[in-house]
Each structure stands twice: as structure tokens, then as C-alpha cells.
>>> print(open('work.txt').read())   # compact mmCIF, C-alpha atoms
# COMPACT_ATOMS: atom_id res chain seq x y z
CA MET W 13 -18.88 -32.11 21.43
CA PHE W 14 -18.55 -28.36 21.96
CA PRO W 15 -16.39 -26.41 22.00
CA LEU W 16 -14.85 -27.88 18.88
CA PRO W 17 -11.10 -28.50 18.72
CA PRO W 18 -9.32 -25.50 17.16
CA ILE W 19 -8.16 -27.43 14.09
CA VAL W 20 -11.71 -28.68 13.41
CA ALA W 21 -13.12 -25.18 13.83
CA ALA W 22 -10.50 -23.78 11.46
CA ALA W 23 -11.24 -26.51 8.89
CA LEU W 24 -14.98 -25.85 9.07
CA ALA W 25 -14.40 -22.12 8.67
CA GLY W 26 -12.24 -22.75 5.59
CA LEU W 27 -14.85 -25.10 4.12
CA ALA W 28 -17.57 -22.52 4.71
CA ALA W 29 -15.47 -19.86 2.98
CA LEU W 30 -14.87 -22.18 0.03
CA LEU W 31 -18.57 -23.03 -0.33
CA ALA W 32 -19.48 -19.35 -0.04
CA THR W 33 -17.59 -18.62 -3.24
CA TYR W 34 -20.21 -20.62 -5.19
CA LEU W 35 -23.15 -18.65 -3.79
CA PRO W 36 -24.47 -15.35 -5.17
CA ARG W 37 -23.24 -12.41 -3.18
CA PRO W 38 -25.64 -9.65 -2.14
CA ALA W 39 -24.69 -6.09 -2.96
CA TRP W 40 -23.91 -5.26 0.67
CA LEU W 41 -21.56 -8.25 0.97
CA ALA W 42 -19.77 -7.31 -2.25
CA ARG W 43 -19.24 -3.78 -0.93
CA ALA W 44 -17.91 -5.17 2.35
CA LEU W 45 -15.42 -7.43 0.58
CA ASN W 46 -14.29 -4.60 -1.66
CA GLY W 47 -13.75 -2.49 1.43
CA VAL W 48 -11.05 -4.88 2.66
CA ALA W 49 -8.57 -3.25 0.30
CA ALA W 50 -9.46 0.21 1.58
CA ALA W 51 -9.15 -0.64 5.28
CA THR W 52 -6.02 0.54 6.99
CA PRO W 53 -3.58 -1.91 8.62
CA LEU W 54 -4.25 -0.23 11.96
CA GLY W 55 -7.91 -1.26 11.81
CA TRP W 56 -7.11 -4.93 11.19
CA TYR W 57 -4.41 -4.87 13.86
CA LEU W 58 -6.81 -3.46 16.46
CA ILE W 59 -9.35 -6.15 15.55
CA GLY W 60 -6.69 -8.75 16.28
CA VAL W 61 -5.81 -7.12 19.60
CA ILE W 62 -9.49 -7.09 20.60
CA LEU W 63 -10.14 -10.69 19.55
CA GLY W 64 -6.85 -11.94 20.99
CA PRO W 65 -5.47 -10.44 24.21
CA SER W 66 -8.65 -8.50 25.09
CA LEU W 67 -11.42 -11.11 24.63
CA GLY W 68 -9.37 -14.29 24.38
CA LEU W 69 -11.25 -15.57 21.32
CA LEU W 70 -8.03 -15.95 19.31
CA ASP W 71 -5.97 -17.68 21.98
CA ALA W 72 -2.62 -19.39 21.60
CA LYS W 73 -4.12 -22.82 20.86
CA LEU W 74 -6.32 -21.52 18.06
CA LEU W 75 -3.46 -19.52 16.56
CA ASP W 76 -1.24 -22.62 16.64
CA ALA W 77 -3.98 -24.59 14.86
CA CYS W 78 -4.22 -21.84 12.22
CA THR W 79 -0.47 -21.80 11.59
CA PRO W 80 -0.83 -23.56 8.17
CA ALA W 81 -3.38 -20.96 7.06
CA LEU W 82 -1.10 -18.20 8.31
CA ALA W 83 1.78 -19.72 6.34
CA CYS W 84 -0.39 -19.70 3.20
CA ALA W 85 -1.19 -16.01 3.72
CA ILE W 86 2.52 -15.28 4.14
CA GLY W 87 3.26 -17.32 1.04
CA TRP W 88 0.66 -15.48 -1.01
CA ILE W 89 2.28 -12.12 -0.31
CA ALA W 90 5.79 -13.55 -0.78
CA ALA W 91 4.83 -15.11 -4.12
CA ARG W 92 3.57 -11.74 -5.33
CA ALA W 93 6.89 -10.20 -4.34
CA GLY W 94 8.79 -12.92 -6.19
CA ALA W 95 6.64 -12.48 -9.30
CA THR W 96 7.16 -8.72 -9.17
CA LEU W 97 10.94 -9.16 -9.11
CA VAL W 98 11.03 -10.89 -12.50
CA ALA W 99 8.34 -8.74 -14.14
CA PRO W 100 9.69 -6.30 -16.76
CA ARG W 101 9.83 -2.72 -15.57
CA PRO W 102 9.72 0.46 -17.66
CA PRO W 103 12.81 2.67 -17.57
CA GLU W 104 11.05 5.43 -15.63
CA GLU W 105 10.58 3.07 -12.64
CA ARG W 106 14.27 2.34 -12.26
CA ARG W 107 15.87 3.88 -9.21
CA SER W 108 18.63 6.44 -9.38
CA ALA W 109 22.07 5.89 -7.91
CA GLY W 110 21.22 8.11 -4.96
CA ALA W 111 18.05 6.16 -4.19
CA LEU W 112 19.93 2.86 -4.35
CA ALA W 113 22.56 4.30 -2.01
CA PHE W 114 19.77 5.14 0.44
CA THR W 115 18.61 1.52 0.24
CA GLY W 116 21.98 0.39 1.51
CA LEU W 117 21.99 3.11 4.15
CA ALA W 118 18.52 2.07 5.31
CA LEU W 119 19.85 -1.39 6.11
CA VAL W 120 22.52 0.16 8.35
CA ILE W 121 20.43 2.76 10.19
CA PRO W 122 18.19 0.30 12.12
CA ALA W 123 21.19 -1.81 13.12
CA ALA W 124 23.03 1.24 14.45
CA LEU W 125 19.99 2.54 16.32
CA LEU W 126 19.11 -0.78 17.93
CA PHE W 127 22.72 -1.52 18.82
CA SER W 128 23.04 1.89 20.48
CA ALA W 129 19.75 1.40 22.30
CA GLY W 130 20.95 -1.92 23.67
CA ARG W 131 24.10 -0.25 24.98
CA LEU W 132 22.77 3.07 26.28
CA LEU W 133 19.17 2.56 27.42
CA PRO W 134 18.29 1.22 30.88
CA PRO W 135 17.88 -2.58 31.08
CA ALA W 136 14.09 -2.28 31.41
CA LEU W 137 13.86 -0.51 28.04
CA ALA W 138 16.82 -1.91 26.12
CA PRO W 139 15.93 -4.47 23.41
CA ALA W 140 18.40 -7.05 24.75
CA TRP W 141 17.70 -9.77 22.16
CA LYS W 142 20.03 -12.68 21.63
CA PRO W 143 21.30 -13.33 19.07
CA LEU W 144 20.83 -9.66 18.30
CA PRO W 145 22.17 -9.48 14.69
CA ALA W 146 19.54 -11.87 13.30
CA VAL W 147 16.68 -9.94 14.89
CA ILE W 148 18.05 -6.59 13.71
CA ALA W 149 18.52 -7.88 10.16
CA THR W 150 14.93 -9.13 10.02
CA LEU W 151 13.42 -5.94 11.40
CA ALA W 152 15.59 -3.85 9.10
CA ALA W 153 14.52 -5.87 6.07
CA ALA W 154 10.85 -5.46 6.98
CA LEU W 155 11.16 -1.70 7.44
CA VAL W 156 13.24 -1.23 4.27
CA VAL W 157 10.58 -2.69 2.00
CA ALA W 158 7.94 -0.66 3.83
CA GLY W 159 9.87 2.58 3.46
CA ALA W 160 11.26 2.44 -0.07
CA THR W 161 10.17 -0.40 -2.32
CA ASP W 162 11.37 -1.43 -5.77
CA ALA W 163 12.75 -4.66 -7.22
CA ARG W 164 16.30 -4.24 -5.93
CA THR W 165 15.12 -3.17 -2.50
CA THR W 166 12.87 -6.21 -2.26
CA ILE W 167 15.74 -8.50 -3.24
CA ALA W 168 17.97 -6.95 -0.59
CA ALA W 169 15.27 -7.31 2.06
CA LEU W 170 14.50 -10.94 1.21
CA LEU W 171 18.20 -11.81 1.23
CA ALA W 172 18.69 -10.06 4.58
CA ALA W 173 15.72 -11.91 6.11
CA THR W 174 16.95 -15.25 4.73
CA GLY W 175 20.46 -14.67 6.01
CA ALA W 176 19.13 -13.78 9.45
CA LEU W 177 17.09 -16.97 9.52
CA VAL W 178 20.11 -19.07 8.58
CA THR W 179 22.08 -17.67 11.52
CA LEU W 180 19.32 -18.74 13.92
CA LEU W 181 18.88 -22.31 12.65
CA PRO W 182 20.50 -24.89 14.95
CA HIS W 183 22.26 -26.58 12.02
CA ALA W 184 23.49 -23.39 10.35
CA HIS W 185 27.19 -23.77 11.13
CA ARG W 186 30.01 -23.44 8.65
CA VAL W 187 31.26 -26.95 9.31
CA ASP W 188 27.88 -28.60 8.89
CA LEU W 189 27.72 -28.61 5.10
CA VAL W 190 25.29 -31.53 4.94
CA HIS W 191 22.55 -29.71 6.81
CA ALA W 192 23.24 -26.49 4.93
CA ALA W 193 22.93 -28.32 1.61
CA ALA W 194 19.70 -29.97 2.79
CA TRP W 195 18.30 -26.57 3.79
CA ALA W 196 19.13 -25.11 0.37
CA GLY W 197 17.79 -28.23 -1.33
CA PHE W 198 14.44 -27.94 0.41
CA ALA W 199 14.21 -24.26 -0.52
CA VAL W 200 15.11 -24.64 -4.20
CA GLY W 201 13.61 -28.09 -4.69
CA GLY W 202 10.39 -27.20 -2.90
CA ALA W 203 9.99 -24.06 -5.00
CA ALA W 204 10.72 -25.96 -8.23
CA THR W 205 8.25 -28.72 -7.36
CA SER W 206 5.52 -26.26 -6.40
CA ALA W 207 6.04 -24.18 -9.52
CA LEU W 208 5.97 -27.31 -11.69
CA VAL W 209 2.73 -28.51 -10.11
CA ALA W 210 1.06 -25.11 -10.58
CA ALA W 211 2.27 -24.79 -14.17
CA ARG W 212 1.12 -28.28 -15.16
CA LEU W 213 -2.29 -27.86 -13.55
CA ALA W 214 -2.77 -24.45 -15.18
CA ARG W 215 -2.31 -25.92 -18.68
CA ARG W 216 -5.42 -28.07 -18.36
CA ALA W 217 -7.69 -25.55 -16.63
CA PRO W 218 -9.62 -22.61 -18.07
CA SER W 219 -8.24 -20.43 -15.28
CA HIS W 220 -4.83 -20.60 -13.69
CA PHE W 221 -6.08 -19.35 -10.34
CA PRO W 222 -6.93 -22.74 -8.73
CA ALA W 223 -3.58 -24.12 -9.91
CA THR W 224 -1.79 -21.11 -8.44
CA ILE W 225 -3.51 -21.64 -5.08
CA ALA W 226 -2.44 -25.29 -5.11
CA GLY W 227 1.17 -24.40 -5.95
CA ILE W 228 1.47 -21.65 -3.33
CA GLY W 229 -0.18 -23.84 -0.70
CA LEU W 230 2.27 -26.66 -1.44
CA ALA W 231 5.22 -24.25 -1.29
CA ALA W 232 4.04 -22.80 2.03
CA GLY W 233 3.66 -26.29 3.47
CA ILE W 234 7.15 -27.30 2.35
CA GLY W 235 8.65 -24.13 3.78
CA LEU W 236 6.86 -24.55 7.10
CA ALA W 237 7.55 -28.27 7.51
CA SER W 238 11.20 -28.19 6.41
CA GLY W 239 12.17 -25.05 8.35
CA THR W 240 13.23 -23.13 5.25
CA SER W 241 10.37 -20.63 5.86
CA PRO W 242 7.22 -20.24 3.73
CA LEU W 243 8.39 -16.74 2.78
CA LEU W 244 11.49 -17.96 0.95
CA VAL W 245 9.96 -21.00 -0.78
CA CYS W 246 6.85 -19.10 -1.92
CA ALA W 247 8.89 -16.13 -3.15
CA LEU W 248 11.00 -18.47 -5.28
CA THR W 249 7.83 -20.22 -6.51
CA GLY W 250 6.23 -16.95 -7.56
CA ALA W 251 9.37 -15.87 -9.39
CA ALA W 252 9.63 -19.21 -11.20
CA LEU W 253 5.98 -19.15 -12.26
CA ALA W 254 6.13 -15.58 -13.54
CA ARG W 255 9.37 -16.27 -15.41
CA TRP W 256 8.77 -19.67 -17.01
CA SER W 257 5.04 -20.46 -16.97
CA PRO W 258 3.15 -19.00 -19.97
CA ALA W 259 -0.12 -19.10 -18.00
CA HIS W 260 1.34 -16.96 -15.20
CA VAL W 261 2.80 -14.06 -17.17
CA ARG W 262 0.56 -11.57 -15.35
CA LEU W 263 0.94 -13.27 -12.00
CA ALA W 264 2.08 -10.15 -10.14
CA VAL W 265 -0.97 -8.21 -11.35
CA ASP W 266 -3.32 -11.07 -10.44
CA PHE W 267 -1.85 -11.29 -6.95
CA ARG W 268 -2.35 -7.57 -6.38
CA ALA W 269 -6.13 -7.99 -6.67
CA THR W 270 -6.34 -10.62 -3.92
CA GLU W 271 -3.43 -9.65 -1.69
CA PRO W 272 -5.45 -7.31 0.61
CA VAL W 273 -7.34 -10.32 1.99
CA ALA W 274 -4.10 -12.12 2.88
CA ALA W 275 -2.67 -8.90 4.33
CA ALA W 276 -5.76 -8.42 6.50
CA ALA W 277 -5.36 -11.96 7.85
CA LEU W 278 -1.72 -11.26 8.72
CA TRP W 279 -2.52 -8.02 10.51
CA ILE W 280 -5.29 -9.66 12.53
CA ALA W 281 -2.95 -12.52 13.47
CA ALA W 282 -0.22 -10.05 14.44
CA GLY W 283 -2.70 -8.18 16.65
CA ALA W 284 -3.82 -11.43 18.27
CA MET W 285 -0.15 -12.20 19.06
CA PHE W 286 0.33 -8.82 20.74
CA GLY W 287 2.50 -9.16 23.84
CA GLY W 288 6.05 -9.49 25.07
CA ALA W 289 8.16 -6.83 26.72
CA LEU W 290 6.10 -3.80 25.73
CA PRO W 291 8.60 -1.05 26.78
CA ALA W 292 11.36 -2.59 24.68
CA ALA W 293 8.92 -3.16 21.79
CA ALA W 294 7.75 0.47 21.90
CA ILE W 295 11.31 1.85 21.94
CA THR W 296 12.29 -0.42 19.05
CA ALA W 297 9.24 0.59 17.02
CA VAL W 298 10.04 4.28 17.39
CA LEU W 299 13.68 3.77 16.40
CA LEU W 300 12.77 1.67 13.36
CA SER W 301 10.14 4.14 12.19
CA LEU W 302 12.91 6.70 11.66
CA VAL W 303 14.01 4.76 8.55
CA PRO W 304 11.10 5.77 6.28
CA LEU W 305 11.31 9.31 7.69
CA VAL W 306 14.92 9.55 6.48
CA GLY W 307 13.85 8.14 3.14
CA ARG W 308 11.08 10.71 2.86
CA LEU W 309 13.45 13.58 3.55
CA SER W 310 16.07 12.25 1.12
CA GLY W 311 13.58 11.72 -1.68
CA GLY W 312 14.24 7.99 -1.77
CA ALA W 313 10.83 6.77 -0.70
CA ALA W 314 8.71 4.98 -3.26
CA SER W 315 5.56 2.88 -3.06
CA SER W 316 5.11 1.20 0.31
CA ASP W 317 4.79 -2.52 0.94
CA HIS W 318 3.83 -2.96 4.58
CA ALA W 319 2.20 -6.36 3.98
CA LEU W 320 5.49 -7.81 2.73
CA GLY W 321 7.30 -6.31 5.72
CA LEU W 322 4.87 -7.97 8.12
CA ALA W 323 5.14 -11.26 6.20
CA ILE W 324 8.93 -11.18 6.61
CA VAL W 325 8.69 -10.83 10.39
CA LEU W 326 5.90 -13.37 10.89
CA SER W 327 7.66 -15.94 8.72
CA PHE W 328 10.87 -15.34 10.66
CA THR W 329 9.22 -15.78 14.06
CA LEU W 330 7.30 -18.87 12.91
CA THR W 331 10.32 -20.64 11.47
CA ALA W 332 12.75 -19.65 14.24
CA ALA W 333 10.26 -19.99 17.11
CA THR W 334 12.45 -22.49 18.97
CA ALA W 335 15.58 -20.37 18.74
CA LEU W 336 13.78 -17.15 19.69
CA GLY W 337 11.91 -18.64 22.63
CA PRO W 338 10.02 -16.06 24.74
CA LEU W 339 11.45 -13.20 22.67
CA GLY W 340 9.18 -14.00 19.72
CA PRO W 341 6.15 -11.98 20.94
CA THR W 342 8.30 -8.93 21.62
CA ILE W 343 9.83 -9.08 18.13
CA ARG W 344 6.42 -9.45 16.46
CA THR W 345 4.93 -6.60 18.47
CA ALA W 346 7.87 -4.28 17.81
CA ALA W 347 7.78 -5.00 14.08
CA ALA W 348 4.01 -4.52 13.79
CA LEU W 349 4.10 -1.22 15.69
CA ALA W 350 7.04 0.00 13.60
CA LEU W 351 5.23 -0.86 10.38
CA LEU W 352 2.10 0.95 11.59
CA LEU W 353 4.20 4.02 12.36
CA THR W 354 5.78 3.68 8.93
CA ALA W 355 2.33 3.68 7.34
CA ALA W 356 1.48 6.83 9.26
CA VAL W 357 4.50 8.78 7.98
CA PRO W 358 3.08 9.51 4.48
CA VAL W 359 -0.28 10.41 6.02
CA LEU W 360 1.37 12.91 8.35
CA PHE W 361 3.35 14.48 5.52
CA ALA W 362 0.23 14.70 3.39
CA ALA W 363 -1.68 16.32 6.23
CA ALA W 364 1.12 18.84 6.72
CA GLY W 365 0.95 19.70 3.05
CA ARG W 366 -2.78 20.39 3.30
CA LEU W 367 -2.53 23.00 6.04
CA THR W 368 -3.31 25.65 3.45
CA SER W 369 -6.46 25.55 1.40
CA ARG W 370 -6.29 23.98 -2.05
CA HIS W 371 -8.74 26.65 -3.26
CA PRO W 372 -7.09 30.04 -2.70
CA ARG W 373 -9.44 32.94 -2.25
CA PRO W 374 -8.89 35.89 -4.58
CA GLU W 375 -8.01 39.11 -2.84
CA VAL W 376 -10.58 41.86 -3.24
CA SER W 377 -9.54 45.43 -2.67
CA VAL W 378 -12.14 47.97 -1.62
>>> encode(input="work.txt", output="C-alpha cells")
Amino acid sequence: MFPLPPIVAAALAGLAALLATYLPRPAWLARALNGVAAATPLGWYLIGVILGPSLGLLDAKLLDACTPALACAIGWIAARAGATLVAPRPPEERRSAGALAFTGLALVIPAALLFSAGRLLPPALAPAWKPLPAVIATLAAALVVAGATDARTTIAALLAATGALVTLLPHAHRVDLVHAAAWAGFAVGGAATSALVAARLARRAPSHFPATIAGIGLAAGIGLASGTSPLLVCALTGAALARWSPAHVRLAVDFRATEPVAAAALWIAAGAMFGGALPAAAITAVLLSLVPLVGRLSGGAASSDHALGLAIVLSFTLTAATALGPLGPTIRTAAALALLLTAAVPVLFAAAGRLTSRHPRPEVSV
């Protein structure tokens, strides 16, 4: 009877979490849950590394069984991004022409760096990924949204990640229009169906939250099963709900309150999947982390979105696992390390700015 199969253990854990929501929470538990939002991505990532490669508790079989839950976490973050895209923005939040030019430049810098590394570095360190353009586009999209985020940047990153995925799909050839149309149909049709289900359920409920969970879960399942990626289908679902469902007008704000839990799950999963060619992953992470540094120096950096960057990479490696083969762990590790370095850039700049005391001492002459 024991140990339980991974899928049964995951189902029991989900049922326990669902039943726990109906129980009164002690003060210490409430403080612990509220602390999830304050925890750094590095902490969750190290927990995943300890539970995964170090102790073997989160092994490959358990992670495979938890793939649907991981897709839902990816979809939750992607739906928030989609809802944010259609939300009205005040004029002061609109980017200048120079900042938008940096967004385009940030998509080119990682490609140039990784291409040069593949040509110049020794074979043991060179990120020799094939097909290289799709991997570079995905990593660049993840780092762009982490380095300088606004609505247009998010759109560019999602389009870059989607285009990279299309190039890796076995049926994504110019001559195969039937499969391409089916792929687009699953993406648009799945998002429309999921948004319709969530909107209809929300009309009859006092709170739209259960209906939203049902819609995002359906969208993530369609994206995972059809190969169109949970990231794309859930992002379209979130945008459709925020745009056309009266009950989901404040969807982006509602997602922000619960997103740290989904982000923590993604970081733990990424840590548990740590592996691959570590020298190539380390070199790639350092090269990619130069993107937010350039943005910081050029004044183009805005609010960061590291959870969305990680969701882009994990969705890409899940959907294109067959095409990537043994390169998947290296890509995930490189992206996670690069995003962690990206998160450290603002902290380092802030620490450099605090080298002098904020409370100057008055000079006293004797």
C-alpha cells in the first residue's frame, strides 16, 4: 500500500489543501502564509534543490505526476499577465520612445551574446543547443519581462516565446497548413471556451473566484494536452475575461493577491529540476543577466516580473519536451539562474546606493 503512487499522493495533497481552506487558521499559520509573498525566489529555489536533487523527495516520477498542477500554476501567472495587458493604464505609466527602443534592443542582446558564446567558447562551456534560435528566443523573452516590464514588453515576450515554440513543434512547417490551423484553433478555441465557462459560472456565484479557478484550470489542461502550451491558452483566457466579462473587471488585481503562491510552486519545481550541463548553464545565466544591467544603466528598467519569466521557460520546456530531449534540464537551469541573477541586480544597486549613511551627521567645529 505504501509508498503511494505519485499521482495518488498529489491528489491527496490537493484534497487536503482544499479542505484546509474551510478550517479556521491559527495566527501563526496566517503569518506563515502571508510570508510567502515576502520570500525571495532564491529561497524557494533552494528548497526545490534540497527536496529534489539533494534528498530525492521530489524525483522525476513525482514531478511528472504533478505536471497538471504545474501547468495550472503556469496558467495562473499567464492569466494575470493577459489580464494586465487589457487593463487600462494611466498616461504616466506609458513608456517613452527610448524605453521602447531598449525593449527591442533587449531582445537582440541575449541572442548576440549566446550566439557568440556558441562560436567562441570551448565546447565544454559553449551552450550548443539545437535548434538554437528557439531556445535563445525563449530565454530572451523570459529575461526581457524580468528586466523591464510593461504591457508592450509583455506582449513582445509572449509573442517571442510563442514563436519559438512553433518552430520546435514537429508539425510547424510552412507547407503543413492543416496542423498549423489546428494548433491555432486549439489556442484560440480553448481560450474562448475556458473564458466562456468562467464567465457563465461567475454570473451565478456570489464570488467569481471559484469560476476563475475552473476556467484557468480548463485552459491549462487544454494547452497541456493539445501542445499549444498552458502559457498561451491561459494568457488569452485571462485577457478575454478581463476584457469581456463584467465579473472579472478587476481580474489583474485579484490575481496579484494570490500569484505569490503559484510563483513559489514554480520556483520549487524549477529547483527540483536542477541539472543538465552545469558549465553551459552557468555561462548562459551570466550572459543573460547582462540584459537587466543594461536596462538599469539606460534608465529603461521598470517593475520586475520574474514569475512570468520563469513561467515562460517552464511552459516552453514542458510543451517542447520531446523536441528538446536531454537539453531541457540545461535550459531550465540556465533560465532559473539567470532570473535569480536578474532579481539580484536591483538589490545590488540599492546596496551600492546605501554605502553612505541616510542620516548625515552635522559637522561641529571646535
>>> closest_residue(input="work.txt", among="W:Leu320, W:Arg216, W:Thr240, W:Val209", to="Ala192 (chain W)", atoms="only C-alpha atoms")
W:Thr240
>>> closest_residue(input="work.txt", among="W:Pro139, W:Ala149, W:Phe328, W:Pro242", to="Leu290 (chain W)", atoms="only C-alpha atoms")
W:Pro139
>>> residues_around(input="work.txt", residues="region 202-208 of chain W", least_positions_apart="2", cutoff="10 Å", atoms="all atoms listed in the file", output="short mmCIF file (atom, residue, chain, number, x, y, z; two decimals) with C-alpha atoms, in the frame of the given file")
data_model
loop_
_atom_site.label_atom_id
_atom_site.label_comp_id
_atom_site.auth_asym_id
_atom_site.auth_seq_id
_atom_site.Cartn_x
_atom_site.Cartn_y
_atom_site.Cartn_z
CA ALA W 196 19.13 -25.11 0.37
CA GLY W 197 17.79 -28.23 -1.33
CA PHE W 198 14.44 -27.94 0.41
CA ALA W 199 14.21 -24.26 -0.52
CA VAL W 200 15.11 -24.64 -4.20
CA ALA W 210 1.06 -25.11 -10.58
CA ALA W 211 2.27 -24.79 -14.17
CA ARG W 212 1.12 -28.28 -15.16
CA LEU W 213 -2.29 -27.86 -13.55
CA ALA W 214 -2.77 -24.45 -15.18
CA ALA W 223 -3.58 -24.12 -9.91
CA THR W 224 -1.79 -21.11 -8.44
CA ALA W 226 -2.44 -25.29 -5.11
CA GLY W 227 1.17 -24.40 -5.95
CA ILE W 228 1.47 -21.65 -3.33
CA GLY W 229 -0.18 -23.84 -0.70
CA LEU W 230 2.27 -26.66 -1.44
CA ALA W 231 5.22 -24.25 -1.29
CA ALA W 232 4.04 -22.80 2.03
CA GLY W 233 3.66 -26.29 3.47
CA ILE W 234 7.15 -27.30 2.35
CA GLY W 235 8.65 -24.13 3.78
CA SER W 238 11.20 -28.19 6.41
CA THR W 240 13.23 -23.13 5.25
CA PRO W 242 7.22 -20.24 3.73
CA LEU W 244 11.49 -17.96 0.95
CA VAL W 245 9.96 -21.00 -0.78
CA CYS W 246 6.85 -19.10 -1.92
CA ALA W 247 8.89 -16.13 -3.15
CA LEU W 248 11.00 -18.47 -5.28
CA THR W 249 7.83 -20.22 -6.51
CA GLY W 250 6.23 -16.95 -7.56
CA ALA W 251 9.37 -15.87 -9.39
CA ALA W 252 9.63 -19.21 -11.20
CA LEU W 253 5.98 -19.15 -12.26
CA ALA W 254 6.13 -15.58 -13.54
CA TRP W 256 8.77 -19.67 -17.01
CA SER W 257 5.04 -20.46 -16.97
#
>>> closest_residue(input="work.txt", among="W:Ala356, W:Ile225, W:Met285, W:Ala292", to="Lys73 (chain W)", atoms="all atoms listed in the file")
W:Met285
>>> residues_around(input="work.txt", residues="Ala282 (chain W)", least_positions_apart="2", cutoff="8 Å", atoms="only C-alpha atoms", output="PyMOL selection string")
chain W and resi 57+60+278-280+284-286+326+344-345+348
>>> write_last_selection(input="work.txt", atoms="C-alpha atoms", output="short mmCIF file (atom, residue, chain, number, x, y, z; two decimals), keeping the file's coordinate frame")
data_model
loop_
_atom_site.label_atom_id
_atom_site.label_comp_id
_atom_site.auth_asym_id
_atom_site.auth_seq_id
_atom_site.Cartn_x
_atom_site.Cartn_y
_atom_site.Cartn_z
CA TYR W 57 -4.41 -4.87 13.86
CA GLY W 60 -6.69 -8.75 16.28
CA LEU W 278 -1.72 -11.26 8.72
CA TRP W 279 -2.52 -8.02 10.51
CA ILE W 280 -5.29 -9.66 12.53
CA ALA W 284 -3.82 -11.43 18.27
CA MET W 285 -0.15 -12.20 19.06
CA PHE W 286 0.33 -8.82 20.74
CA LEU W 326 5.90 -13.37 10.89
CA ARG W 344 6.42 -9.45 16.46
CA THR W 345 4.93 -6.60 18.47
CA ALA W 348 4.01 -4.52 13.79
#
>>> atom_distance(input="work.txt", atom1="CA of Ala136 (chain W)", atom2="CA of Leu302 (chain W)")
21.7 Å
>>> residues_near_point(input="work.txt", point="(-1.9, -16.0, -8.2)", cutoff="9 Å", atoms="all atoms listed in the file", output="JSON, numbers by chain")
{"W": [88, 91, 92, 220, 221, 222, 223, 224, 225, 228, 250, 260, 262, 263, 264, 265, 266, 267, 268, 270]}
>>> build_atoms(input="work.txt", residues="region 214-232 of chain W", atoms="N, CA and C atoms", output="tab-separated table (two decimals), in the coordinates of the input")
chain	number	residue	atom	x	y	z
W	214	ALA	N	-2.20	-25.61	-14.48
W	214	ALA	CA	-2.77	-24.45	-15.18
W	214	ALA	C	-2.95	-24.73	-16.67
W	215	ARG	N	-2.17	-25.63	-17.24
W	215	ARG	CA	-2.31	-25.92	-18.68
W	215	ARG	C	-3.64	-26.57	-19.01
W	216	ARG	N	-4.21	-27.31	-18.10
W	216	ARG	CA	-5.42	-28.07	-18.36
W	216	ARG	C	-6.67	-27.41	-17.79
W	217	ALA	N	-6.55	-26.23	-17.26
W	217	ALA	CA	-7.69	-25.55	-16.63
W	217	ALA	C	-8.01	-24.27	-17.38
W	218	PRO	N	-9.29	-23.88	-17.41
W	218	PRO	CA	-9.62	-22.61	-18.07
W	218	PRO	C	-9.07	-21.39	-17.36
W	219	SER	N	-8.83	-21.52	-16.06
W	219	SER	CA	-8.24	-20.43	-15.28
W	219	SER	C	-7.06	-20.97	-14.50
W	220	HIS	N	-6.02	-20.17	-14.41
W	220	HIS	CA	-4.83	-20.60	-13.69
W	220	HIS	C	-4.93	-20.37	-12.19
W	221	PHE	N	-6.00	-19.73	-11.74
W	221	PHE	CA	-6.08	-19.35	-10.34
W	221	PHE	C	-6.12	-20.55	-9.40
W	222	PRO	N	-6.98	-21.57	-9.64
W	222	PRO	CA	-6.93	-22.74	-8.73
W	222	PRO	C	-5.57	-23.42	-8.71
W	223	ALA	N	-4.92	-23.51	-9.87
W	223	ALA	CA	-3.58	-24.12	-9.91
W	223	ALA	C	-2.58	-23.29	-9.13
W	224	THR	N	-2.70	-21.98	-9.19
W	224	THR	CA	-1.79	-21.11	-8.44
W	224	THR	C	-1.99	-21.30	-6.94
W	225	ILE	N	-3.24	-21.41	-6.50
W	225	ILE	CA	-3.51	-21.64	-5.08
W	225	ILE	C	-2.89	-22.95	-4.63
W	226	ALA	N	-3.02	-23.99	-5.47
W	226	ALA	CA	-2.44	-25.29	-5.11
W	226	ALA	C	-0.92	-25.20	-5.01
W	227	GLY	N	-0.28	-24.52	-5.97
W	227	GLY	CA	1.17	-24.40	-5.95
W	227	GLY	C	1.68	-23.61	-4.76
W	228	ILE	N	1.04	-22.48	-4.46
W	228	ILE	CA	1.47	-21.65	-3.33
W	228	ILE	C	1.21	-22.37	-2.01
W	229	GLY	N	0.08	-23.08	-1.91
W	229	GLY	CA	-0.18	-23.84	-0.70
W	229	GLY	C	0.84	-24.94	-0.47
W	230	LEU	N	1.24	-25.63	-1.56
W	230	LEU	CA	2.27	-26.66	-1.44
W	230	LEU	C	3.61	-26.05	-1.04
W	231	ALA	N	3.96	-24.91	-1.64
W	231	ALA	CA	5.22	-24.25	-1.29
W	231	ALA	C	5.23	-23.79	0.17
W	232	ALA	N	4.11	-23.24	0.64
W	232	ALA	CA	4.04	-22.80	2.03
W	232	ALA	C	4.17	-23.98	2.98
